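**Student:** Dropping in data-v4.cif, which is mmCIF, N, CA and C atoms:
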```cif
data_coords
#
loop_
_atom_site.label_atom_id
_atom_site.label_comp_id
_atom_site.auth_asym_id
_atom_site.auth_seq_id
_atom_site.Cartn_x
_atom_site.Cartn_y
_atom_site.Cartn_z
N MET A 1 119.60 95.25 56.34
CA MET A 1 119.08 94.23 57.25
C MET A 1 118.01 93.41 56.55
N ARG A 2 117.16 94.09 55.76
CA ARG A 2 116.11 93.36 55.04
C ARG A 2 116.70 92.39 54.02
N ARG A 3 117.79 92.82 53.42
CA ARG A 3 118.44 91.94 52.44
C ARG A 3 118.97 90.68 53.13
N TYR A 4 119.57 90.88 54.31
CA TYR A 4 120.13 89.74 55.03
C TYR A 4 119.02 88.79 55.48
N ILE A 5 117.89 89.33 55.91
CA ILE A 5 116.76 88.49 56.32
C ILE A 5 116.23 87.73 55.11
N ALA A 6 116.16 88.39 53.98
CA ALA A 6 115.72 87.70 52.75
C ALA A 6 116.73 86.61 52.38
N HIS A 7 118.00 86.89 52.58
CA HIS A 7 119.04 85.89 52.31
C HIS A 7 118.90 84.71 53.27
N LEU A 8 118.57 84.98 54.55
CA LEU A 8 118.39 83.90 55.53
C LEU A 8 117.21 83.01 55.19
N ARG A 9 116.18 83.61 54.61
CA ARG A 9 115.00 82.81 54.25
C ARG A 9 115.32 81.77 53.18
N SER A 10 116.33 82.04 52.40
CA SER A 10 116.69 81.08 51.36
C SER A 10 117.59 79.96 51.88
N LYS A 11 118.07 80.10 53.08
CA LYS A 11 118.96 79.08 53.68
C LYS A 11 118.14 77.95 54.29
N PRO A 12 118.77 76.82 54.56
CA PRO A 12 118.07 75.69 55.17
C PRO A 12 117.68 75.99 56.63
N ASP A 13 116.75 75.18 57.15
CA ASP A 13 116.25 75.37 58.51
C ASP A 13 117.36 75.33 59.55
N SER A 14 118.29 74.44 59.40
CA SER A 14 119.36 74.32 60.40
C SER A 14 120.17 75.61 60.50
N HIS A 15 120.44 76.24 59.36
CA HIS A 15 121.19 77.49 59.37
C HIS A 15 120.37 78.60 60.04
N ARG A 16 119.08 78.68 59.74
CA ARG A 16 118.22 79.71 60.34
C ARG A 16 118.10 79.51 61.85
N LYS A 17 118.00 78.26 62.29
CA LYS A 17 117.91 77.99 63.74
C LYS A 17 119.20 78.36 64.44
N ARG A 18 120.35 78.08 63.80
CA ARG A 18 121.63 78.46 64.38
C ARG A 18 121.74 79.97 64.51
N PHE A 19 121.29 80.70 63.48
CA PHE A 19 121.32 82.16 63.52
C PHE A 19 120.40 82.69 64.62
N ALA A 20 119.20 82.14 64.76
CA ALA A 20 118.26 82.57 65.80
C ALA A 20 118.85 82.30 67.19
N PHE A 21 119.50 81.15 67.35
CA PHE A 21 120.12 80.83 68.63
C PHE A 21 121.25 81.82 68.94
N GLY A 22 122.05 82.17 67.96
CA GLY A 22 123.15 83.11 68.16
C GLY A 22 122.63 84.50 68.55
N VAL A 23 121.60 84.95 67.90
CA VAL A 23 121.04 86.27 68.22
C VAL A 23 120.46 86.27 69.62
N SER A 24 119.68 85.23 69.97
CA SER A 24 119.09 85.19 71.31
C SER A 24 120.16 85.05 72.39
N ALA A 25 121.22 84.28 72.13
CA ALA A 25 122.30 84.14 73.09
C ALA A 25 123.04 85.47 73.27
N SER A 26 123.22 86.21 72.19
CA SER A 26 123.89 87.51 72.27
C SER A 26 123.06 88.50 73.10
N ILE A 27 121.76 88.54 72.87
CA ILE A 27 120.90 89.45 73.62
C ILE A 27 120.88 89.06 75.10
N THR A 28 120.83 87.76 75.37
CA THR A 28 120.86 87.30 76.76
C THR A 28 122.17 87.67 77.43
N ALA A 29 123.29 87.54 76.71
CA ALA A 29 124.60 87.89 77.27
C ALA A 29 124.68 89.38 77.58
N ILE A 30 124.11 90.22 76.72
CA ILE A 30 124.13 91.67 76.97
C ILE A 30 123.31 92.00 78.22
N ILE A 31 122.14 91.39 78.35
CA ILE A 31 121.31 91.63 79.53
C ILE A 31 122.03 91.15 80.79
N ALA A 32 122.66 89.98 80.73
CA ALA A 32 123.39 89.45 81.89
C ALA A 32 124.56 90.36 82.24
N LEU A 33 125.22 90.92 81.25
CA LEU A 33 126.33 91.83 81.50
C LEU A 33 125.86 93.08 82.24
N PHE A 34 124.75 93.67 81.80
CA PHE A 34 124.20 94.82 82.51
C PHE A 34 123.81 94.44 83.94
N TRP A 35 123.26 93.27 84.10
CA TRP A 35 122.83 92.82 85.43
C TRP A 35 124.02 92.66 86.37
N VAL A 36 125.08 92.04 85.90
CA VAL A 36 126.27 91.82 86.72
C VAL A 36 126.95 93.15 87.06
N THR A 37 127.01 94.06 86.10
CA THR A 37 127.66 95.34 86.39
C THR A 37 126.83 96.18 87.36
N SER A 38 125.53 95.95 87.43
CA SER A 38 124.72 96.70 88.39
C SER A 38 125.08 96.31 89.82
N PHE A 39 125.55 95.06 90.03
CA PHE A 39 125.99 94.66 91.37
C PHE A 39 127.19 95.48 91.81
N SER A 40 128.16 95.64 90.93
CA SER A 40 129.35 96.40 91.30
C SER A 40 129.01 97.88 91.48
N TYR A 41 128.03 98.39 90.77
CA TYR A 41 127.64 99.79 90.92
C TYR A 41 127.01 100.01 92.30
N PHE A 42 126.12 99.13 92.72
CA PHE A 42 125.46 99.31 94.00
C PHE A 42 126.36 98.97 95.19
N ASN A 43 127.45 98.27 94.96
CA ASN A 43 128.37 97.93 96.04
C ASN A 43 129.57 98.87 96.08
N SER A 44 129.52 99.96 95.32
CA SER A 44 130.63 100.89 95.33
C SER A 44 130.67 101.64 96.66
N PRO A 45 131.86 102.05 97.11
CA PRO A 45 131.98 102.71 98.42
C PRO A 45 131.19 104.01 98.53
N SER A 46 131.01 104.74 97.44
CA SER A 46 130.31 106.02 97.53
C SER A 46 128.84 105.84 97.84
N SER A 47 128.25 104.77 97.33
CA SER A 47 126.82 104.58 97.56
C SER A 47 126.54 103.62 98.71
N ASN A 48 127.58 103.06 99.32
CA ASN A 48 127.39 102.10 100.41
C ASN A 48 126.64 102.72 101.59
N THR A 49 127.01 103.93 101.98
CA THR A 49 126.36 104.55 103.12
C THR A 49 124.91 104.89 102.82
N GLU A 50 124.65 105.33 101.58
CA GLU A 50 123.27 105.65 101.20
C GLU A 50 122.41 104.40 101.18
N VAL A 51 122.95 103.33 100.64
CA VAL A 51 122.21 102.07 100.57
C VAL A 51 121.97 101.52 101.96
N ALA A 52 122.98 101.58 102.82
CA ALA A 52 122.82 101.07 104.19
C ALA A 52 121.79 101.89 104.94
N ARG A 53 121.80 103.19 104.75
CA ARG A 53 120.81 104.05 105.41
C ARG A 53 119.41 103.73 104.92
N ALA A 54 119.25 103.57 103.62
CA ALA A 54 117.93 103.25 103.06
C ALA A 54 117.45 101.89 103.54
N LYS A 55 118.36 100.93 103.63
CA LYS A 55 117.97 99.59 104.10
C LYS A 55 117.57 99.62 105.57
N SER A 56 118.28 100.41 106.38
CA SER A 56 117.94 100.45 107.81
C SER A 56 116.61 101.15 108.04
N ILE A 57 116.29 102.12 107.22
CA ILE A 57 115.03 102.84 107.39
C ILE A 57 113.86 101.99 106.90
N ASN A 58 114.01 101.38 105.75
CA ASN A 58 112.90 100.67 105.13
C ASN A 58 113.12 99.17 105.08
N SER A 59 113.83 98.62 106.01
CA SER A 59 114.00 97.17 105.99
C SER A 59 112.66 96.51 106.30
N PRO A 60 112.43 95.33 105.79
CA PRO A 60 111.15 94.67 106.02
C PRO A 60 110.81 94.50 107.50
N LEU A 61 111.81 94.21 108.31
CA LEU A 61 111.53 94.03 109.74
C LEU A 61 111.12 95.35 110.39
N ASN A 62 111.75 96.46 109.99
CA ASN A 62 111.36 97.76 110.54
C ASN A 62 109.95 98.14 110.12
N VAL A 63 109.60 97.84 108.88
CA VAL A 63 108.25 98.16 108.41
C VAL A 63 107.21 97.33 109.17
N ILE A 64 107.49 96.05 109.36
CA ILE A 64 106.56 95.19 110.11
C ILE A 64 106.46 95.68 111.55
N ARG A 65 107.59 96.02 112.16
CA ARG A 65 107.60 96.49 113.54
C ARG A 65 106.76 97.76 113.68
N ARG A 66 106.93 98.71 112.74
CA ARG A 66 106.14 99.95 112.81
C ARG A 66 104.66 99.67 112.63
N ASN A 67 104.31 98.79 111.71
CA ASN A 67 102.90 98.47 111.49
C ASN A 67 102.28 97.78 112.70
N MET A 68 103.02 96.85 113.30
CA MET A 68 102.50 96.16 114.48
C MET A 68 102.34 97.13 115.65
N ALA A 69 103.29 98.05 115.82
CA ALA A 69 103.19 99.05 116.90
C ALA A 69 101.98 99.95 116.67
N GLY A 70 101.76 100.34 115.43
CA GLY A 70 100.60 101.18 115.12
C GLY A 70 99.29 100.45 115.37
N ALA A 71 99.24 99.17 115.01
CA ALA A 71 98.03 98.38 115.24
C ALA A 71 97.79 98.21 116.74
N TYR A 72 98.84 97.94 117.50
CA TYR A 72 98.70 97.78 118.95
C TYR A 72 98.19 99.07 119.60
N GLU A 73 98.76 100.20 119.17
CA GLU A 73 98.32 101.48 119.73
C GLU A 73 96.87 101.76 119.37
N ALA A 74 96.47 101.41 118.16
CA ALA A 74 95.08 101.65 117.75
C ALA A 74 94.12 100.78 118.56
N ILE A 75 94.51 99.51 118.76
CA ILE A 75 93.63 98.60 119.51
C ILE A 75 93.54 99.03 120.97
N THR A 76 94.68 99.29 121.61
CA THR A 76 94.63 99.68 123.02
C THR A 76 93.98 101.04 123.20
N GLY A 77 94.20 101.95 122.25
CA GLY A 77 93.57 103.26 122.33
C GLY A 77 92.06 103.16 122.23
N SER A 78 91.55 102.33 121.31
CA SER A 78 90.10 102.18 121.18
C SER A 78 89.53 101.43 122.38
N LYS A 79 90.30 100.50 122.96
CA LYS A 79 89.83 99.78 124.15
C LYS A 79 89.72 100.73 125.33
N ILE A 80 90.69 101.62 125.50
CA ILE A 80 90.66 102.59 126.60
C ILE A 80 89.47 103.53 126.42
N GLU A 81 89.25 103.99 125.20
CA GLU A 81 88.11 104.87 124.94
C GLU A 81 86.79 104.14 125.23
N PHE A 82 86.70 102.87 124.84
CA PHE A 82 85.49 102.09 125.09
C PHE A 82 85.22 101.96 126.59
N VAL A 83 86.26 101.66 127.35
CA VAL A 83 86.10 101.52 128.80
C VAL A 83 85.69 102.85 129.42
N LYS A 84 86.27 103.95 128.98
CA LYS A 84 85.90 105.27 129.50
C LYS A 84 84.44 105.58 129.19
N GLU A 85 84.00 105.25 127.97
CA GLU A 85 82.61 105.48 127.61
C GLU A 85 81.67 104.63 128.45
N GLN A 86 82.06 103.38 128.69
CA GLN A 86 81.23 102.50 129.51
C GLN A 86 81.16 103.01 130.95
N ASN A 87 82.27 103.46 131.48
CA ASN A 87 82.28 104.00 132.84
C ASN A 87 81.43 105.26 132.93
N ALA A 88 81.52 106.10 131.92
CA ALA A 88 80.72 107.32 131.92
C ALA A 88 79.24 106.99 131.82
N ALA A 89 78.89 106.00 130.99
CA ALA A 89 77.49 105.61 130.84
C ALA A 89 76.97 105.00 132.14
N THR A 90 77.79 104.20 132.81
CA THR A 90 77.39 103.58 134.07
C THR A 90 77.20 104.64 135.15
N THR A 91 78.11 105.61 135.19
CA THR A 91 78.01 106.69 136.17
C THR A 91 76.76 107.53 135.92
N THR A 92 76.48 107.84 134.68
CA THR A 92 75.30 108.62 134.33
C THR A 92 74.04 107.85 134.68
N ALA A 93 74.02 106.57 134.36
CA ALA A 93 72.84 105.75 134.67
C ALA A 93 72.65 105.63 136.17
N THR A 94 73.72 105.54 136.92
CA THR A 94 73.62 105.44 138.38
C THR A 94 73.10 106.74 138.97
N LEU A 95 73.55 107.86 138.44
CA LEU A 95 73.09 109.14 138.96
C LEU A 95 71.62 109.41 138.62
N GLU A 96 71.16 108.90 137.50
CA GLU A 96 69.79 109.15 137.09
C GLU A 96 68.80 108.19 137.74
N TYR A 97 69.27 107.14 138.33
CA TYR A 97 68.37 106.16 138.92
C TYR A 97 67.78 106.71 140.21
N VAL A 98 66.47 106.77 140.22
CA VAL A 98 65.77 107.21 141.42
C VAL A 98 64.77 106.11 141.76
N PRO A 99 64.93 105.47 142.90
CA PRO A 99 64.00 104.39 143.21
C PRO A 99 62.62 104.94 143.49
N GLU A 100 61.65 104.19 143.09
CA GLU A 100 60.25 104.59 143.34
C GLU A 100 59.91 104.30 144.79
N PRO A 101 59.09 105.15 145.39
CA PRO A 101 58.71 104.90 146.78
C PRO A 101 57.81 103.67 146.88
N SER A 102 57.97 102.97 147.95
CA SER A 102 57.18 101.77 148.10
C SER A 102 55.78 102.15 148.56
N THR A 103 54.78 101.51 147.97
CA THR A 103 53.38 101.80 148.32
C THR A 103 52.83 100.81 149.31
N ARG A 104 53.56 99.82 149.67
CA ARG A 104 53.12 98.82 150.65
C ARG A 104 53.37 99.31 152.05
N ASN A 105 52.48 99.14 152.86
CA ASN A 105 52.65 99.42 154.29
C ASN A 105 51.89 98.44 155.08
#
```
Show me the file's structure as structure tokens.
**Tutor:**
Amino acid sequence: MRRYIAHLRSKPDSHRKRFAFGVSASITAIIALFWVTSFSYFNSPSSNTEVARAKSINSPLNVIRRNMAGAYEAITGSKIEFVKEQNAATTTATLEYVPEPSTRN
């Protein structure tokens, strides 16, 4: 390989650019080939049910729905607790209130 690279260095620029283009095009074609074959692998009948199950469990809409439900429950739960605390404080304050006797007669 080193000999061939040394041989390429002695060639004109146009030949070296053509060789670089060919190598980069070949590498790109190999990557594209792997990419395209991955589509057929994931669409095979054996993995279809697994993929569909995974998509239904973790689909973006399901994740958003679960997060919104959790946020709603947290907000309403804290609101209910706040109201209960306020009612308890009001009841306690009402029970502790003792009016002072009037000194005017």
**Student:** Report, in Å with one decimal, the straight-line distance from atom C of His15 of chain A to atom CA of Leu33 of chain A.
**Tutor:**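 Separation between atom C of His15 of chain A and atom CA of Leu33 of chain A: 25.9 Å.
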**Student:** Please indicate the distance in Å from atom CA of Phe34 of chain A to atom CA of Ile57 of chain A, rounded to one decimal place.
**Tutor:**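 Interatomic distance, atom CA of Phe34 of chain A to atom CA of Ile57 of chain A: 27.7 Å.
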**Student:** Quick one, how far is atom CA of Leu8 of chain A from atom N of Ser24 of chain A?
**Tutor:**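 According to the coordinates, atom CA of Leu8 of chain A and atom N of Ser24 of chain A are separated by 14.6 Å.
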**Student:** Return as AutoDock Vina command-line options the centre and edge lengths, in Å with one decimal, of the box along x, y and z that encloses every atom of segment 1-16 of chain A in the file, padded by 8 Å per side.
**Tutor:**
```
--center_x 118.1 --center_y 84.8 --center_z 56.6 --size_x 22.2 --size_y 36.9 --size_z 26.5
```
